[in-house]
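K.L.:
Handing over my_file.txt, compact mmCIF, C-alpha atoms.
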# COMPACT_ATOMS: atom_id res chain seq x y z
CA MET A 1 -70.07 -0.03 123.83
CA ARG A 2 -70.51 -3.36 125.59
CA GLU A 3 -66.94 -4.49 125.07
CA LEU A 4 -63.62 -2.62 124.91
CA SER A 5 -62.78 -4.72 121.86
CA LEU A 6 -65.60 -2.89 120.05
CA ASN A 7 -64.04 0.44 121.01
CA ILE A 8 -60.74 -0.87 119.59
CA MET A 9 -62.46 -1.81 116.32
CA ASP A 10 -63.89 1.70 116.15
CA ILE A 11 -60.62 3.52 116.96
CA ALA A 12 -58.76 1.32 114.45
CA GLN A 13 -61.05 2.70 111.76
CA ASN A 14 -59.52 6.13 112.39
CA SER A 15 -56.12 4.68 111.45
CA VAL A 16 -57.60 3.21 108.27
CA ARG A 17 -59.02 6.61 107.36
CA ALA A 18 -55.70 8.25 108.17
CA GLU A 19 -54.19 6.08 105.41
CA ALA A 20 -51.96 4.14 107.78
CA SER A 21 -50.10 1.16 106.31
CA GLU A 22 -49.29 -0.27 109.74
CA LEU A 23 -51.26 -0.48 112.95
CA ALA A 24 -50.08 -2.00 116.21
CA ILE A 25 -52.68 -3.00 118.79
CA ARG A 26 -51.40 -3.82 122.26
CA CYS A 27 -53.45 -5.12 125.18
CA VAL A 28 -51.26 -5.33 128.27
CA GLU A 29 -52.64 -6.52 131.57
CA ASP A 30 -50.86 -6.16 134.89
CA THR A 31 -52.69 -8.40 137.37
CA ALA A 32 -50.80 -7.13 140.42
CA ALA A 33 -51.61 -3.49 139.68
CA HIS A 34 -55.12 -4.37 138.40
CA THR A 35 -54.60 -2.42 135.20
CA LEU A 36 -55.24 -3.03 131.54
CA THR A 37 -53.45 -0.81 129.05
CA ILE A 38 -54.73 -0.63 125.50
CA GLU A 39 -52.59 1.07 122.87
CA LEU A 40 -53.21 1.64 119.18
CA GLU A 41 -50.24 3.01 117.25
CA ASP A 42 -50.36 3.75 113.55
CA ASN A 43 -48.15 5.33 110.90
CA GLY A 44 -50.98 7.31 109.32
CA LYS A 45 -50.99 10.97 108.46
CA GLY A 46 -51.25 12.08 112.09
CA MET A 47 -52.97 15.11 113.56
CA SER A 48 -52.08 18.68 114.38
CA GLU A 49 -52.24 19.86 118.00
CA GLU A 50 -55.45 21.65 117.15
CA GLN A 51 -57.04 18.45 115.85
CA ILE A 52 -55.89 16.44 118.89
CA ALA A 53 -57.67 18.97 121.09
CA CYS A 54 -60.84 18.46 119.04
CA VAL A 55 -61.09 14.67 118.78
CA THR A 56 -62.34 14.15 122.32
CA ASP A 57 -65.20 16.54 121.54
CA PRO A 58 -68.24 14.49 120.44
CA PHE A 59 -69.27 17.24 118.06
CA PHE A 60 -66.06 17.02 116.06
CA THR A 61 -65.77 14.65 113.13
CA THR A 62 -63.98 14.65 109.79
CA ARG A 63 -66.82 12.86 108.08
CA THR A 64 -69.69 14.47 106.25
CA THR A 65 -72.53 11.96 106.65
CA ARG A 66 -73.35 13.12 110.17
CA LYS A 67 -72.38 15.84 112.62
CA VAL A 68 -71.14 13.82 115.58
CA GLY A 69 -68.05 11.66 116.13
CA LEU A 70 -68.28 9.41 119.17
CA GLY A 71 -65.41 6.95 118.63
CA VAL A 72 -62.70 8.66 120.67
CA PRO A 73 -65.07 10.19 123.30
CA LEU A 74 -66.60 6.75 124.07
CA PHE A 75 -63.17 5.11 124.41
CA LYS A 76 -61.96 7.93 126.67
CA MET A 77 -65.09 7.68 128.79
CA ALA A 78 -64.67 3.89 129.18
CA ALA A 79 -61.16 4.46 130.59
CA GLU A 80 -61.95 7.44 132.78
CA GLN A 81 -65.02 5.83 134.36
CA THR A 82 -62.69 3.20 135.87
CA GLY A 83 -60.45 5.92 137.30
CA GLY A 84 -57.99 5.27 134.49
CA SER A 85 -56.45 7.62 131.98
CA PHE A 86 -56.48 8.40 128.28
CA ARG A 87 -54.01 10.13 125.99
CA ILE A 88 -53.36 10.76 122.31
CA THR A 89 -49.90 11.52 120.97
CA SER A 90 -49.67 12.58 117.37
CA ALA A 91 -47.97 14.88 114.90
CA PRO A 92 -48.69 15.50 111.22
CA GLY A 93 -46.85 12.89 109.15
CA LYS A 94 -45.74 11.00 112.25
CA GLY A 95 -48.74 8.77 112.93
CA THR A 96 -50.89 8.56 116.02
CA LEU A 97 -50.67 6.75 119.35
CA THR A 98 -53.92 6.32 121.28
CA ALA A 99 -53.44 4.88 124.76
CA ALA A 100 -55.93 4.13 127.51
CA VAL A 101 -55.33 2.70 130.98
CA PHE A 102 -58.17 0.90 132.76
CA ASN A 103 -58.43 -0.09 136.41
CA THR A 104 -59.73 -3.64 136.06
CA ASP A 105 -60.95 -3.90 139.66
CA ASN A 106 -63.25 -0.91 139.27
CA VAL A 107 -66.98 -1.65 139.24
CA ASP A 108 -67.36 0.37 136.03
CA MET A 109 -64.74 -1.66 134.15
CA THR A 110 -66.03 -2.69 130.71
CA PRO A 111 -64.95 -6.24 129.75
CA LEU A 112 -62.35 -6.49 126.99
CA GLY A 113 -64.68 -8.94 125.24
CA ASN A 114 -63.98 -10.75 122.01
CA ILE A 115 -60.73 -9.05 121.01
CA ASN A 116 -59.88 -11.96 118.69
CA ALA A 117 -62.93 -11.25 116.52
CA THR A 118 -61.92 -7.59 116.35
CA VAL A 119 -58.36 -8.38 115.23
CA GLY A 120 -59.47 -11.07 112.78
CA LEU A 121 -62.04 -8.83 111.13
CA LEU A 122 -59.68 -5.84 110.95
CA ILE A 123 -57.10 -7.94 109.07
CA ASN A 124 -59.80 -9.42 106.84
CA ALA A 125 -61.30 -6.04 105.97
CA ASN A 126 -57.96 -4.30 105.38
CA PRO A 127 -55.79 -6.87 103.59
CA ASP A 128 -53.38 -4.23 102.30
CA MET A 129 -52.55 -2.97 105.79
CA ASP A 130 -50.12 -4.59 108.22
CA PHE A 131 -51.18 -5.30 111.78
CA VAL A 132 -49.20 -6.27 114.85
CA PHE A 133 -51.37 -7.54 117.67
CA GLU A 134 -49.77 -8.09 121.06
CA ARG A 135 -51.62 -9.57 124.01
CA ARG A 136 -49.69 -9.58 127.28
CA ILE A 137 -50.60 -10.66 130.80
CA ASP A 138 -47.78 -9.97 133.26
CA ASP A 139 -44.75 -11.79 131.83
CA LYS A 140 -46.67 -13.98 129.37
CA SER A 141 -47.53 -12.78 125.91
CA PHE A 142 -48.15 -13.65 122.29
CA THR A 143 -48.00 -11.69 119.07
CA LEU A 144 -49.62 -11.91 115.66
CA ASP A 145 -47.68 -10.04 112.99
CA THR A 146 -49.15 -9.90 109.48
CA LYS A 147 -45.70 -9.15 108.01
CA GLN A 148 -44.51 -12.58 109.18
CA MET A 149 -47.70 -14.06 107.76
CA ARG A 150 -47.05 -12.44 104.38
CA GLU A 151 -43.58 -14.03 104.22
CA MET A 152 -45.26 -17.44 104.44
CA LEU A 153 -48.21 -16.57 102.22
CA GLY A 154 -46.34 -15.01 99.32
CA ASP A 155 -48.86 -13.47 96.93
CA VAL A 156 -51.91 -15.02 98.64
CA PRO A 157 -53.88 -12.13 100.19
CA LEU A 158 -54.58 -11.87 103.92
CA ASN A 159 -58.33 -11.93 103.25
CA ASN A 160 -58.21 -15.41 101.75
CA PRO A 161 -61.03 -17.37 103.53
CA ASP A 162 -58.65 -20.11 104.74
CA VAL A 163 -56.30 -17.46 106.16
CA ALA A 164 -59.21 -15.87 108.03
CA LEU A 165 -60.06 -19.22 109.63
CA TRP A 166 -56.35 -19.78 110.49
CA ILE A 167 -56.14 -16.37 112.18
CA SER A 168 -59.20 -17.07 114.28
CA SER A 169 -57.89 -20.43 115.55
CA TYR A 170 -54.37 -19.05 116.06
CA LEU A 171 -55.69 -16.26 118.28
CA GLU A 172 -58.02 -18.55 120.18
CA GLU A 173 -55.32 -21.15 120.91
CA ASN A 174 -52.82 -18.56 122.03
CA GLU A 175 -55.37 -16.81 124.22
CA ASN A 176 -56.24 -20.11 125.92
CA ASP A 177 -52.54 -20.78 126.42
CA LEU A 178 -52.06 -17.32 127.94
CA PHE A 179 -54.72 -18.02 130.54
CA GLY A 180 -53.50 -21.59 131.14
CA GLY A 181 -56.75 -22.95 129.76
CA ILE A 182 -59.00 -20.96 132.07
CA THR A 183 -60.69 -17.70 131.26
CA ASN A 184 -59.91 -14.61 133.25
CA GLU A 185 -63.23 -13.53 134.71
CA ILE A 186 -62.35 -9.87 134.86
CA ILE A 187 -61.19 -9.53 131.30
CA SER A 188 -63.44 -11.90 129.40
CA MET B 1 -50.68 -25.21 118.30
CA LYS B 2 -51.23 -23.25 115.12
CA SER B 3 -47.95 -22.28 113.49
CA LEU B 4 -46.97 -19.84 110.78
CA ALA B 5 -45.71 -22.78 108.73
CA GLU B 6 -49.33 -23.85 108.18
CA LEU B 7 -49.78 -20.71 106.11
CA GLN B 8 -47.47 -22.21 103.50
CA ALA B 9 -49.93 -25.05 103.05
CA ILE B 10 -52.74 -22.51 102.66
CA ARG B 11 -50.63 -20.69 100.06
CA ASP B 12 -50.00 -23.85 98.07
CA LYS B 13 -53.69 -24.73 98.17
CA ALA B 14 -54.71 -21.22 97.09
CA ARG B 15 -52.28 -21.31 94.17
CA THR B 16 -53.72 -24.52 92.82
CA GLN B 17 -57.21 -23.04 92.83
CA LEU B 18 -57.49 -20.74 89.86
CA ASN B 19 -58.54 -17.72 91.83
CA ILE B 20 -60.25 -15.16 89.65
CA ARG B 21 -61.79 -13.33 92.55
CA ASN B 22 -60.59 -9.83 91.73
CA GLU B 23 -61.02 -9.88 87.97
CA ASN B 24 -64.51 -11.33 88.07
CA GLU B 25 -67.06 -8.74 86.98
CA ASN B 26 -69.87 -10.74 88.52
CA ASN B 27 -68.46 -10.30 92.00
CA ILE B 28 -71.17 -9.74 94.61
CA ARG B 29 -70.22 -7.16 97.23
CA VAL B 30 -71.49 -7.25 100.81
CA LEU B 31 -70.90 -4.02 102.72
CA VAL B 32 -71.36 -4.00 106.48
CA GLY B 33 -71.61 -0.59 108.17
CA MET B 34 -68.85 -0.52 110.80
CA ALA B 35 -68.75 3.05 112.05
CA THR B 36 -69.32 3.83 115.75
CA CYS B 37 -73.10 3.58 115.29
CA GLY B 38 -72.91 0.21 113.54
CA ILE B 39 -70.42 -1.29 115.98
CA ALA B 40 -72.44 -0.14 119.00
CA ALA B 41 -75.60 -1.65 117.48
CA GLY B 42 -73.90 -5.04 117.01
CA ALA B 43 -72.35 -5.00 113.54
CA ARG B 44 -69.28 -7.07 114.46
CA PRO B 45 -71.13 -10.40 114.89
CA VAL B 46 -72.94 -9.64 111.62
CA LEU B 47 -69.68 -9.05 109.73
CA ASN B 48 -68.17 -12.14 111.35
CA ALA B 49 -71.16 -14.26 110.31
CA PHE B 50 -70.88 -13.09 106.68
CA VAL B 51 -67.10 -13.70 106.53
CA GLU B 52 -67.26 -17.14 108.16
CA GLU B 53 -70.33 -18.39 106.31
CA CYS B 54 -68.93 -17.29 102.93
CA ALA B 55 -65.61 -18.99 103.79
CA LYS B 56 -67.34 -22.21 104.85
CA ARG B 57 -69.48 -22.32 101.73
CA GLY B 58 -66.53 -21.41 99.53
CA LEU B 59 -68.36 -18.51 97.87
CA GLU B 60 -65.53 -17.31 95.62
CA ASN B 61 -67.62 -14.64 93.92
CA VAL B 62 -68.54 -12.78 97.12
CA THR B 63 -66.46 -10.02 98.67
CA VAL B 64 -67.39 -9.11 102.23
CA THR B 65 -66.09 -5.77 103.37
CA GLN B 66 -66.76 -3.02 105.87
CA THR B 67 -67.94 0.46 105.18
CA GLY B 68 -68.51 3.60 107.23
CA CYS B 69 -71.65 5.34 108.38
CA ILE B 70 -74.14 5.98 105.60
CA GLY B 71 -76.29 8.27 107.72
CA ILE B 72 -79.11 5.96 108.81
CA CYS B 73 -77.75 5.21 112.28
CA GLN B 74 -81.22 4.39 113.66
CA TYR B 75 -81.38 1.35 111.36
CA GLU B 76 -77.95 -0.10 112.24
CA PRO B 77 -76.58 -2.73 111.85
CA VAL B 78 -77.00 -1.97 108.14
CA VAL B 79 -75.80 -4.30 105.38
CA GLU B 80 -75.77 -3.44 101.68
CA VAL B 81 -75.68 -6.18 99.07
CA VAL B 82 -74.55 -5.15 95.60
CA VAL B 83 -75.16 -7.68 92.83
CA PRO B 84 -73.83 -6.43 89.46
CA GLY B 85 -76.62 -5.41 87.13
CA GLU B 86 -79.20 -5.31 89.91
CA GLU B 87 -80.47 -2.63 92.23
CA LYS B 88 -78.58 -2.37 95.52
CA VAL B 89 -80.39 -4.00 98.45
CA THR B 90 -80.16 -2.44 101.92
CA TYR B 91 -80.84 -4.69 104.90
CA VAL B 92 -81.45 -3.06 108.28
CA LYS B 93 -81.50 -4.09 111.95
CA MET B 94 -79.36 -7.10 111.15
CA ASP B 95 -78.00 -9.80 113.44
CA ALA B 96 -75.85 -12.89 112.92
CA GLU B 97 -78.86 -15.15 112.39
CA LYS B 98 -80.38 -12.87 109.76
CA ALA B 99 -76.95 -12.69 108.10
CA LEU B 100 -76.95 -16.47 107.59
CA LYS B 101 -80.39 -16.26 105.96
CA VAL B 102 -79.16 -13.50 103.63
CA VAL B 103 -76.14 -15.63 102.63
CA ASN B 104 -78.36 -18.59 101.92
CA ASP B 105 -81.30 -16.86 100.20
CA HIS B 106 -79.73 -13.83 98.56
CA LEU B 107 -76.06 -14.62 97.91
CA VAL B 108 -76.52 -18.28 97.00
CA ASN B 109 -80.07 -18.53 95.66
CA ARG B 110 -80.45 -14.93 94.49
CA ASN B 111 -83.74 -14.25 96.26
CA VAL B 112 -83.85 -10.95 98.14
CA VAL B 113 -84.94 -11.42 101.78
CA THR B 114 -87.63 -8.73 101.54
CA GLU B 115 -88.64 -8.88 105.20
CA TYR B 116 -85.24 -7.54 106.34
CA THR B 117 -84.97 -4.70 103.82
CA ILE B 118 -85.21 -1.02 104.67
CA GLY B 119 -88.31 -0.66 102.51
CA LYS B 120 -90.16 -3.29 104.51
CA TYR B 121 -88.89 -2.00 107.85
CA SER B 122 -89.93 1.61 107.38
CA GLU B 123 -93.47 0.70 106.28
Would you kindly transcribe this structure into structure tokens?
P.N.:
Amino acid sequence: MRELSLNIMDIAQNSVRAEASELAIRCVEDTAAHTLTIELEDNGKGMSEEQIACVTDPFFTTRTTRKVGLGVPLFKMAAEQTGGSFRITSAPGKGTLTAAVFNTDNVDMTPLGNINATVGLLINANPDMDFVFERRIDDKSFTLDTKQMREMLGDVPLNNPDVALWISSYLEENENDLFGGITNEIIS
Amino acid sequence: MKSLAELQAIRDKARTQLNIRNENENNIRVLVGMATCGIAAGARPVLNAFVEECAKRGLENVTVTQTGCIGICQYEPVVEVVVPGEEKVTYVKMDAEKALKVVNDHLVNRNVVTEYTIGKYSE
């Protein structure tokens, strides 16, 4: 994967398939420690300990169209190649937390890339799910919460074309604000 | 800055438009393969192009959605276009530019872009 945001899109699909109704995506950067922490937490059906042990194996997948499953292994590799770490916490019926820590000053750090496109498309493609997206850099942060959006939208679905365009400008404006108008070279 | 309050305006606008999106039997479906293979091959810009172009053109009868891996990973990014009453069309090796052509030619003018289809590609 050329961008970590693509890995996030891929991992998020696991939550969709696990019938989650809520998914939180958190990207937290600590500039002093040179770390980026990415967490995906859902309320899906979760996994047994046996399954957790299997998901980092590329030759394990729950699907039937092919014999390999590279989503989790690729995400884990992206974190570990920077000297970072990767963990999955899950229990049946309790949902799943996937967390990866990246050392941003490592030469093998993959850029986060266009995370806004990932979040926008996830909401657009799964209008019945709720998403909370948090982007934090040190003590500055912003959040997009689809539950708050629904309160304003009433019965208008989240995949309404005008809503999709609103989400994309909302994320872009807040990201610019977070970086004070300049783009962080390491992350973007 | 964008505010949540603007969503109320979007809601009011949407309510005035008689939206028959879901009940319409003539709904065209665009399915973009977004499994690991599709994403790695560049499916996200393709999906984005379909969503944004359909929004800009106000194509009410088109539903753009994502699907999983259909087993032809070597041809990703793969896009399937399902027009009711017609045979499903599978486009392969897509990119954002090709997506715009498919919106224009296939979704709007109903001419299949033969050069991008799997049949043409595997010849």
K.L.:
Write out as an MDAnalysis selection string which residues come within 8 Å of Gly84 in chain A when counting all atoms listed in the file, dropping same-chain ones fewer than 4 positions away.
P.N.:
chainID A and resid 79:80 100:103
K.L.:
Could you give me, as a list of chain:residue names, the residues within 12 Å of Lys98 in chain B, counting only C-alpha atoms and dropping anything in the same chain fewer than 5 positions from it?
P.N.:
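Near neighbours after the sequence-gap exclusion: B:Ala43, B:Pro45, B:Val46, B:Leu47, B:Ala49, B:Phe50, B:Glu53, B:Pro77, B:Val78, B:Val79, B:Tyr91, B:Val92, B:Lys93, B:Val103, B:Asn104, B:Asp105, B:His106, B:Val113, B:Thr114, B:Glu115, B:Tyr116, B:Thr117.
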K.L.:
Pick the closest to chain A from B:Val102, B:Val112, B:Ala40, B:Ile118: which is it, counting only C-alpha atoms?
P.N.:
B:Ala40
K.L.:
For Ala24 in chain A, list every protein, DNA or RNA residue within 7 Å, evaluated using all atoms listed in the file, and leave out those in the same chain fewer than 5 positions away; present the list as an mmCIF file with C-alpha atoms, keeping the file's coordinate frame.
P.N.:
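New file selection.cif:
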data_model
loop_
_atom_site.group_PDB
_atom_site.id
_atom_site.type_symbol
_atom_site.label_atom_id
_atom_site.label_comp_id
_atom_site.auth_asym_id
_atom_site.auth_seq_id
_atom_site.Cartn_x
_atom_site.Cartn_y
_atom_site.Cartn_z
ATOM 1 C CA LEU A 40 -53.210 1.640 119.180
ATOM 2 C CA GLU A 41 -50.240 3.010 117.250
ATOM 3 C CA ASP A 42 -50.360 3.750 113.550
ATOM 4 C CA PHE A 131 -51.180 -5.300 111.780
ATOM 5 C CA VAL A 132 -49.200 -6.270 114.850
ATOM 6 C CA PHE A 133 -51.370 -7.540 117.670
#
K.L.:
Restricting the calculation to all atoms listed in the file: of B:Ala35, B:Ile28, B:Val82, B:Leu107, which residue gets closest to chain A?
P.N.:
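Checking each of B:Ala35, B:Ile28, B:Val82, B:Leu107 against chain A, counting all atoms listed in the file, the winner is B:Ala35.
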K.L.:
Taking all atoms listed in the file into account, name the residue in B:Gly85, B:Met34, B:Ala99, B:Asn26 that is nearest to Cys73 in chain B.
P.N.:
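Of B:Gly85, B:Met34, B:Ala99, B:Asn26, the one nearest Cys73 in chain B, counting all atoms listed in the file, is B:Met34.
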K.L.:
Which is closest to chain B among A:Gly71, A:Pro157, A:Gly95, A:Gly46, if we use only C-alpha atoms?
P.N.:
A:Gly71
K.L.:
Using all atoms listed in the file, pick whichever of A:Ser15, A:Asn159, A:Ser141, A:Asn43 has the shortest atom-to-atom distance to chain B.
P.N.:
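Counting all atoms listed in the file, the residue closest to chain B is A:Asn159.
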K.L.:
Report as a list in words all protein, DNA and RNA residues lying within 10 Å of Asp138 in chain A, evaluated on only C-alpha atoms, omitting residues in the same chain fewer than 3 positions from it.
P.N.:
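These residues fall inside the cut-off: Val28, Glu29, Asp30, Thr31, Ala32, Ala33 and Ser141 of chain A.
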K.L.:
What does the distance from CA of Met94 in chain B to CA of Arg29 in chain B come to in Å, to one decimal?
P.N.:
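Interatomic distance, CA of Met94 in chain B to CA of Arg29 in chain B: 16.7 Å.
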K.L.:
Looking at all atoms listed in the file, which of A:Ala99, A:Ile88, A:Asp128, A:Arg150 is the one that sits closest to Ser48 in chain A?
P.N.:
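Looking only at the distances to Ser48 in chain A, the closest residue turns out to be A:Ile88.
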K.L.:
Per residue of chain A within 9 Å of chain B, what are the shortest atom pair and its distance in Å to one decimal, counting only C-alpha atoms, with rows by chain and residue number, as JSON lines?
P.N.:
{"residue": "A:Met1", "atom": "CA", "partner": "B:Ala40", "partner_atom": "CA", "distance": 5.4}
{"residue": "A:Arg2", "atom": "CA", "partner": "B:Ala40", "partner_atom": "CA", "distance": 7.6}
{"residue": "A:Leu6", "atom": "CA", "partner": "B:Ile39", "partner_atom": "CA", "distance": 6.5}
{"residue": "A:Asn7", "atom": "CA", "partner": "B:Thr36", "partner_atom": "CA", "distance": 8.2}
{"residue": "A:Met9", "atom": "CA", "partner": "B:Ile39", "partner_atom": "CA", "distance": 8.0}
{"residue": "A:Asp10", "atom": "CA", "partner": "B:Thr36", "partner_atom": "CA", "distance": 5.8}
{"residue": "A:Ile11", "atom": "CA", "partner": "B:Thr36", "partner_atom": "CA", "distance": 8.8}
{"residue": "A:Gln13", "atom": "CA", "partner": "B:Ala35", "partner_atom": "CA", "distance": 7.7}
{"residue": "A:Arg63", "atom": "CA", "partner": "B:Cys69", "partner_atom": "CA", "distance": 8.9}
{"residue": "A:Thr65", "atom": "CA", "partner": "B:Gly71", "partner_atom": "CA", "distance": 5.4}
{"residue": "A:Arg66", "atom": "CA", "partner": "B:Gly71", "partner_atom": "CA", "distance": 6.2}
{"residue": "A:Gly69", "atom": "CA", "partner": "B:Thr36", "partner_atom": "CA", "distance": 7.9}
{"residue": "A:Leu70", "atom": "CA", "partner": "B:Thr36", "partner_atom": "CA", "distance": 6.6}
{"residue": "A:Gly71", "atom": "CA", "partner": "B:Thr36", "partner_atom": "CA", "distance": 5.8}
{"residue": "A:Ala117", "atom": "CA", "partner": "B:Asn48", "partner_atom": "CA", "distance": 7.4}
{"residue": "A:Thr118", "atom": "CA", "partner": "B:Arg44", "partner_atom": "CA", "distance": 7.6}
{"residue": "A:Gly120", "atom": "CA", "partner": "B:Asn48", "partner_atom": "CA", "distance": 8.9}
{"residue": "A:Leu121", "atom": "CA", "partner": "B:Asn48", "partner_atom": "CA", "distance": 7.0}
{"residue": "A:Asn124", "atom": "CA", "partner": "B:Thr65", "partner_atom": "CA", "distance": 8.1}
{"residue": "A:Ala125", "atom": "CA", "partner": "B:Thr65", "partner_atom": "CA", "distance": 5.5}
{"residue": "A:Asn126", "atom": "CA", "partner": "B:Thr65", "partner_atom": "CA", "distance": 8.5}
{"residue": "A:Gln148", "atom": "CA", "partner": "B:Leu4", "partner_atom": "CA", "distance": 7.8}
{"residue": "A:Met149", "atom": "CA", "partner": "B:Leu4", "partner_atom": "CA", "distance": 6.6}
{"residue": "A:Arg150", "atom": "CA", "partner": "B:Leu7", "partner_atom": "CA", "distance": 8.9}
{"residue": "A:Met152", "atom": "CA", "partner": "B:Gln8", "partner_atom": "CA", "distance": 5.3}
{"residue": "A:Leu153", "atom": "CA", "partner": "B:Arg11", "partner_atom": "CA", "distance": 5.2}
{"residue": "A:Gly154", "atom": "CA", "partner": "B:Arg11", "partner_atom": "CA", "distance": 7.2}
{"residue": "A:Asp155", "atom": "CA", "partner": "B:Arg11", "partner_atom": "CA", "distance": 8.1}
{"residue": "A:Val156", "atom": "CA", "partner": "B:Arg11", "partner_atom": "CA", "distance": 6.0}
{"residue": "A:Asn160", "atom": "CA", "partner": "B:Ala14", "partner_atom": "CA", "distance": 8.2}
{"residue": "A:Pro161", "atom": "CA", "partner": "B:Ala55", "partner_atom": "CA", "distance": 4.9}
{"residue": "A:Asp162", "atom": "CA", "partner": "B:Ile10", "partner_atom": "CA", "distance": 6.7}
{"residue": "A:Val163", "atom": "CA", "partner": "B:Ile10", "partner_atom": "CA", "distance": 7.1}
{"residue": "A:Ala164", "atom": "CA", "partner": "B:Glu52", "partner_atom": "CA", "distance": 8.2}
{"residue": "A:Leu165", "atom": "CA", "partner": "B:Glu52", "partner_atom": "CA", "distance": 7.6}
{"residue": "A:Trp166", "atom": "CA", "partner": "B:Lys2", "partner_atom": "CA", "distance": 7.7}
{"residue": "A:Ile167", "atom": "CA", "partner": "B:Lys2", "partner_atom": "CA", "distance": 8.9}
{"residue": "A:Ser169", "atom": "CA", "partner": "B:Lys2", "partner_atom": "CA", "distance": 7.2}
{"residue": "A:Tyr170", "atom": "CA", "partner": "B:Lys2", "partner_atom": "CA", "distance": 5.3}
{"residue": "A:Leu171", "atom": "CA", "partner": "B:Lys2", "partner_atom": "CA", "distance": 8.9}
{"residue": "A:Glu173", "atom": "CA", "partner": "B:Met1", "partner_atom": "CA", "distance": 6.7}
{"residue": "A:Asn174", "atom": "CA", "partner": "B:Met1", "partner_atom": "CA", "distance": 7.9}
K.L.:
Once you have the residues from the selection above, write them out as a PDB file, keeping the file's coordinate frame, restricted to C-alpha atoms.
P.N.:
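Below you can see out23.pdb, which holds the result:
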ATOM      1  CA  MET A   1     -70.070  -0.030 123.830  1.00  0.00           C
ATOM      2  CA  ARG A   2     -70.510  -3.360 125.590  1.00  0.00           C
ATOM      3  CA  LEU A   6     -65.600  -2.890 120.050  1.00  0.00           C
ATOM      4  CA  ASN A   7     -64.040   0.440 121.010  1.00  0.00           C
ATOM      5  CA  MET A   9     -62.460  -1.810 116.320  1.00  0.00           C
ATOM      6  CA  ASP A  10     -63.890   1.700 116.150  1.00  0.00           C
ATOM      7  CA  ILE A  11     -60.620   3.520 116.960  1.00  0.00           C
ATOM      8  CA  GLN A  13     -61.050   2.700 111.760  1.00  0.00           C
ATOM      9  CA  ARG A  63     -66.820  12.860 108.080  1.00  0.00           C
ATOM     10  CA  THR A  65     -72.530  11.960 106.650  1.00  0.00           C
ATOM     11  CA  ARG A  66     -73.350  13.120 110.170  1.00  0.00           C
ATOM     12  CA  GLY A  69     -68.050  11.660 116.130  1.00  0.00           C
ATOM     13  CA  LEU A  70     -68.280   9.410 119.170  1.00  0.00           C
ATOM     14  CA  GLY A  71     -65.410   6.950 118.630  1.00  0.00           C
ATOM     15  CA  ALA A 117     -62.930 -11.250 116.520  1.00  0.00           C
ATOM     16  CA  THR A 118     -61.920  -7.590 116.350  1.00  0.00           C
ATOM     17  CA  GLY A 120     -59.470 -11.070 112.780  1.00  0.00           C
ATOM     18  CA  LEU A 121     -62.040  -8.830 111.130  1.00  0.00           C
ATOM     19  CA  ASN A 124     -59.800  -9.420 106.840  1.00  0.00           C
ATOM     20  CA  ALA A 125     -61.300  -6.040 105.970  1.00  0.00           C
ATOM     21  CA  ASN A 126     -57.960  -4.300 105.380  1.00  0.00           C
ATOM     22  CA  GLN A 148     -44.510 -12.580 109.180  1.00  0.00           C
ATOM     23  CA  MET A 149     -47.700 -14.060 107.760  1.00  0.00           C
ATOM     24  CA  ARG A 150     -47.050 -12.440 104.380  1.00  0.00           C
ATOM     25  CA  MET A 152     -45.260 -17.440 104.440  1.00  0.00           C
ATOM     26  CA  LEU A 153     -48.210 -16.570 102.220  1.00  0.00           C
ATOM     27  CA  GLY A 154     -46.340 -15.010  99.320  1.00  0.00           C
ATOM     28  CA  ASP A 155     -48.860 -13.470  96.930  1.00  0.00           C
ATOM     29  CA  VAL A 156     -51.910 -15.020  98.640  1.00  0.00           C
ATOM     30  CA  ASN A 160     -58.210 -15.410 101.750  1.00  0.00           C
ATOM     31  CA  PRO A 161     -61.030 -17.370 103.530  1.00  0.00           C
ATOM     32  CA  ASP A 162     -58.650 -20.110 104.740  1.00  0.00           C
ATOM     33  CA  VAL A 163     -56.300 -17.460 106.160  1.00  0.00           C
ATOM     34  CA  ALA A 164     -59.210 -15.870 108.030  1.00  0.00           C
ATOM     35  CA  LEU A 165     -60.060 -19.220 109.630  1.00  0.00           C
ATOM     36  CA  TRP A 166     -56.350 -19.780 110.490  1.00  0.00           C
ATOM     37  CA  ILE A 167     -56.140 -16.370 112.180  1.00  0.00           C
ATOM     38  CA  SER A 169     -57.890 -20.430 115.550  1.00  0.00           C
ATOM     39  CA  TYR A 170     -54.370 -19.050 116.060  1.00  0.00           C
ATOM     40  CA  LEU A 171     -55.690 -16.260 118.280  1.00  0.00           C
ATOM     41  CA  GLU A 173     -55.320 -21.150 120.910  1.00  0.00           C
ATOM     42  CA  ASN A 174     -52.820 -18.560 122.030  1.00  0.00           C
TER      43      ASN A 174
END
K.L.:
Output range 89-93 of chain A as a short mmCIF file (atom, residue, chain, number, x, y, z; two decimals), in the coordinates of the input, making sure N, CA and C atoms are there.
P.N.:
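Output (part.cif):
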data_model
loop_
_atom_site.label_atom_id
_atom_site.label_comp_id
_atom_site.auth_asym_id
_atom_site.auth_seq_id
_atom_site.Cartn_x
_atom_site.Cartn_y
_atom_site.Cartn_z
N THR A 89 -51.14 10.85 121.38
CA THR A 89 -49.90 11.52 120.97
C THR A 89 -49.85 11.45 119.45
N SER A 90 -49.68 12.59 118.82
CA SER A 90 -49.67 12.58 117.37
C SER A 90 -49.00 13.83 116.83
N ALA A 91 -48.49 13.72 115.61
CA ALA A 91 -47.97 14.88 114.90
C ALA A 91 -48.19 14.63 113.42
N PRO A 92 -48.44 15.70 112.64
CA PRO A 92 -48.69 15.50 111.22
C PRO A 92 -47.53 14.74 110.56
N GLY A 93 -47.86 13.69 109.83
CA GLY A 93 -46.85 12.89 109.15
C GLY A 93 -46.14 11.88 110.03
#
